[in-house]
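These notes concern the structure reproduced below.
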Amino acid sequence: MSELLHFCEHRLQEVSLVFMGLVYVTRILWFLHFKAGKERQGQTGAPSTTPAKGILYSWAIIAMPWAMESTRTKPLLYAQFVVFHLGVAAAITLSFIIPYAPGLLENRLLVWAIQGITAAACAVGLIRMARRAGSRYMRAISSPDDYFSLALLIVWLFFAVLAAPNQTSPEWRLLAFFILTAFFLVYVPFSKISHYLYYPFTRYYFGKSMGYRGVYPLQRSVKSH
Amino acid sequence: MSSKNHRSHNAQEVLSRLGKKLSRQIAGSMVACVHCGMCTNSCHYVLANPGDPTYAPAYKADRIRKLFKRHYDWTGRVFPWWVKAGSVFSDEDLEELKDTVFGKCTNCRRCSVNCPMGVDLATFNRMARGLLVSVGIMPEGVAVVSKDQWEIGNQMGVLKEDYLDTLDWMSEELQAELDDPAVAIPVDKPDCEIVYSINPREVKYDPRTISDAAKIFYFAGENWTMPSEGWDMTNFGLFSGDDDLGGAVARRLFEKVSELRGKKLVISECGHGYRSTRCEGPNWAKFDVPFEMESSIITMLRYLKEGRIHVDKTRNSEPVTFHDSCNNARSCGMFEEPRELLRLVTTDFREMYPNRAENFCCTGGGGAMSMSEYTPRRLKSAVVKANQLKATGAKVVVTSCHNCVDGLNDLIRHYKLDMRVTQLVNLVANALVVPARVAVPAGGPPEIPGEAVEAFAAERPVLADRTIVVADDEPDQVTLLATIFEDHGATVYRAYSGDEALEAARSRKPDLLTLDLAMPGRPAAEVFEMLRKDAGLVDLKICVRSERPELRQTIYEQAVRPPEGYLDKPVDEQSLLRSVRKILELAH
Ligand code: SF4
Ligand code: SF4
């Protein structure tokens, strides 16, 4: 392993991670400086609905494609969402396995599994890009950051596929993967990719309010005949 | 024209107030959108305008979000173009924003419950409305209604004497209907179990809902009252986004109930009224309410369950469907109670699809009925609701919201659906089984047979000696009204244009003129003004009629005495006669 690769796998990642962590902490403090609304009224809705249940339901809703009409009626999009996020999670895991537990990658099955899921996620990324650029509705709501973040993820997932076997010859596959990972760590807090940071908060407050008002868990449509 | 260095005073105000309005919930909705587009098809505007992305919820949200990004978010401050951050500089920019937040969204919250990230557009759209209202930029109708609610105390500008008069009139009707002088609508009675609050629309256009509620309270043996002031449970602050108005209106009602030492505030069937009084009012008013609050739906259901009232559901045998008001359902969690009640008082209930939390807006929500400039857009988007209604095959659509009643009536007329709209209170009252009266003891007054009553009534037609001019360009309408009036003893003259109406009024000196607001030729507002300014017609009573509620505004805006009454089109004989008798101040 060259010094450059060692640097990219270790020092560069560590510095980037610390940077990301600091930015995230600042970001959360910034978010929390906004005042939280207060509900003075009594609860409404069925007695079985509570703010606590609302919060749990709200957090879990992403894993319940049947709960919202938007995910229920678009199973393909939902499947893409799952594959894409599993691929990203696998690539993130890989970025820790390679420097800190490379022995794990001697297991061929694990390598294939990581390659399979990151490749699938990369393909989904391409489909998502086509949808973003091809649909009039998606174009209208997309910013340069949306395109750039997605493009970056597609390339990163592609290199994750190549980096998974952890082969140092040639080295460029690992170098590219780790340089991109470091760039991500620095870029993510400023881009829309940081949505996962906000997800627990946004869903917490929405779930609390909807639970308090008896709207969560959502009452789905019922057909009478 | 403002340049990027010169921001108009209003634009500056909007931006500085934005900072004060940002709560954690709103900031979360601002930062969390990933532009995934999952919410796009949740919106009825999108479905009715295929191919137009400017109606997409995320697109509309970004008109507001760009301000947050530009002025409060890191990346947007440094690289605005990268995240499509932007600002407002001129009043034209604000007008553009107004078009989106008032004219392209009814705050129905359907997209909010369909967003995987928990972005609540409806809430921050309301916030944006409030920001614009704070600098005086809003649709004309919003300004008029808000002013009425600030100054007169209710959103339809109903004067106290008219309100009390209507309650008296409804009491008299009930006494006549039930042949019981003890039936009355109590006003300002202290220490009651229930203080009943209503929507001013009920006073102005639909007093039957008041008498139906009174009938139900009467048969339930309820100890209840209505307040003489602070009786309006609606709150235009919900629609205008003006929390100060919201707080003032809610406080007025809460304080009145406290003053009367009422144990429970019952809110008549109205989605926006229920939400703003029950779910938002205490927060806007910063008032810890010391009494219970309940929707009249729950009250009626309870009476039935407790056996305090009895119903015969076969009296409501037409096929009915139910429209969930967005405010009741998606903002206050009321889903099953109205259905339970419906099943108890009707024989053929069918769900429309989708329903409950997934129902589509009636398209009259968010104050849309008061924004006449957006009517064509609203009616176009209503095709979604129209298709939903049509698919049920029902003849009656029931809804627990006065806004929805207006919105649905409008779209039913527009899409020519064979349906009518009603509320649960009307169905419950219609199905009420009136307990048999105790027999009159021997020696008591002899019972008058029904035929004799009818014969007596026939001898004294209710409109005898009255002269009425019916003005409408539709001959069928003229014939319908004229026949009803003539059958009840009036002398009727027909007019088919504004000029003919003027001529007939001047030559015949009628007691009443019914004026259609959509006749060709001279505008109805001008005819109305000329009639009012005619010194020879000072005693003339005018009742305006229209199937387009937005036309009313043109009449009420005139700087002359307002019309004595207003009638929707079409109108049934009973309501027509009731309104006309009221206008002519007949005693029975
Ligand atoms: S569904 Fe939510 S995150 Fe996706 S575009 Fe709509 S508002 Fe944004
Ligand atoms: S709140 Fe309702 S009307 Fe407004 S964008 Fe969302 S779905 Fe459309």
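Each chain in the structure tokens gets a letter, A, B, ..., in the order shown, and its residues are numbered from 1; ligands are numbered from 1 in order too.
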Practice prompt. Mind checking which residues fall within 12 Å of Glu161 of chain B, counting only C-alpha atoms, ignoring those fewer than 4 positions away in the same chain, and posting them as an MDAnalysis selection string?
Written response: chainID B and resid 152 157 165:169 203 228:229
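By only C-alpha atoms, and with residues fewer than 2 positions from Ala79 of chain A along its chain excluded, the set lying at most 12 Å from it is Ile62, Ala63, Met64, Pro65, Thr71, Arg72, Thr73, Lys74, Pro75, Leu76, Leu77, Phe81, Val82, Val83, Phe84, His85, Leu86, Ala120, Ala121, Val124 and Arg128 of chain A.
Selected on chain B by distance to chain A: Ser23, Arg24, Gln25, Gly28, Ala32, Met38, Pro53, Tyr59, Thr75, Trp82, Val83, Lys84, Asn114, Gly118, Cys279, Pro282, Asn283, Arg330, Cys332, Gly333, Met334, Arg350, Glu351, Pro354, Asn355, Arg356 and Ala357 of chain B (within 6 Å, counting only C-alpha atoms).
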Hey, could you make a per-residue contact list for chain B against ligand 2 with 10 Å as the cut-off, showing the nearest pair of atoms and its distance in Å to one decimal, counting only C-alpha atoms and all ligand atoms, sorted by chain and number, as CSV?
residue,atom,partner,partner_atom_place_in_ligand_line,distance
B:Cys39,CA,ligand 2,7 (S),7.8
B:Thr40,CA,ligand 2,7 (S),8.1
B:Asn41,CA,ligand 2,7 (S),8.3
B:Ser42,CA,ligand 2,7 (S),5.5
B:Cys43,CA,ligand 2,7 (S),3.6
B:His44,CA,ligand 2,8 (Fe),6.0
B:Tyr45,CA,ligand 2,8 (Fe),6.1
B:Val46,CA,ligand 2,8 (Fe),7.5
B:Leu47,CA,ligand 2,8 (Fe),9.7
B:Tyr55,CA,ligand 2,5 (S),7.2
B:Ala56,CA,ligand 2,5 (S),6.6
B:Pro57,CA,ligand 2,5 (S),4.1
B:Ala58,CA,ligand 2,5 (S),7.7
B:Tyr59,CA,ligand 2,5 (S),8.9
B:Lys60,CA,ligand 2,5 (S),6.9
B:Ala61,CA,ligand 2,5 (S),7.8
B:Thr100,CA,ligand 2,5 (S),9.5
B:Val101,CA,ligand 2,4 (Fe),8.3
B:Phe102,CA,ligand 2,4 (Fe),9.4
B:Gly103,CA,ligand 2,3 (S),9.4
B:Lys104,CA,ligand 2,3 (S),6.6
B:Cys105,CA,ligand 2,4 (Fe),3.7
B:Thr106,CA,ligand 2,3 (S),4.3
B:Asn107,CA,ligand 2,1 (S),3.9
B:Cys108,CA,ligand 2,2 (Fe),3.9
B:Arg109,CA,ligand 2,1 (S),4.1
B:Arg110,CA,ligand 2,7 (S),4.4
B:Cys111,CA,ligand 2,6 (Fe),4.2
B:Ser112,CA,ligand 2,6 (Fe),6.4
B:Val113,CA,ligand 2,6 (Fe),9.0
B:Asn114,CA,ligand 2,7 (S),8.9
B:Cys115,CA,ligand 2,6 (Fe),9.9
B:Asp120,CA,ligand 2,1 (S),8.2
B:Leu121,CA,ligand 2,1 (S),6.1
B:Ala122,CA,ligand 2,1 (S),4.5
B:Thr123,CA,ligand 2,1 (S),8.3
B:Phe124,CA,ligand 2,1 (S),9.7
B:Asn125,CA,ligand 2,4 (Fe),7.8
B:Arg126,CA,ligand 2,1 (S),9.5
B:Cys326,CA,ligand 2,2 (Fe),9.0
B:Phe360,CA,ligand 2,7 (S),8.2
B:Cys361,CA,ligand 2,2 (Fe),7.2
B:Thr363,CA,ligand 2,3 (S),8.0
B:Gly365,CA,ligand 2,3 (S),8.6
B:Gly366,CA,ligand 2,3 (S),8.6
B:Ser381,CA,ligand 2,3 (S),9.6
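Nearest to ligand 1 of all the residues B:Met30, B:Gly281, B:Val383, B:Ala11 is B:Met30, counting only C-alpha atoms and all ligand atoms.
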Worksheet item: Excluding same-chain residues fewer than 2 positions from Asp93 of chain B, what lies within 12 Å of it counting only C-alpha atoms, as a ChimeraX atom specification?
Response: /B:1-4,7-8,10-12,14,63-64,67,86-91,95-100,132,137
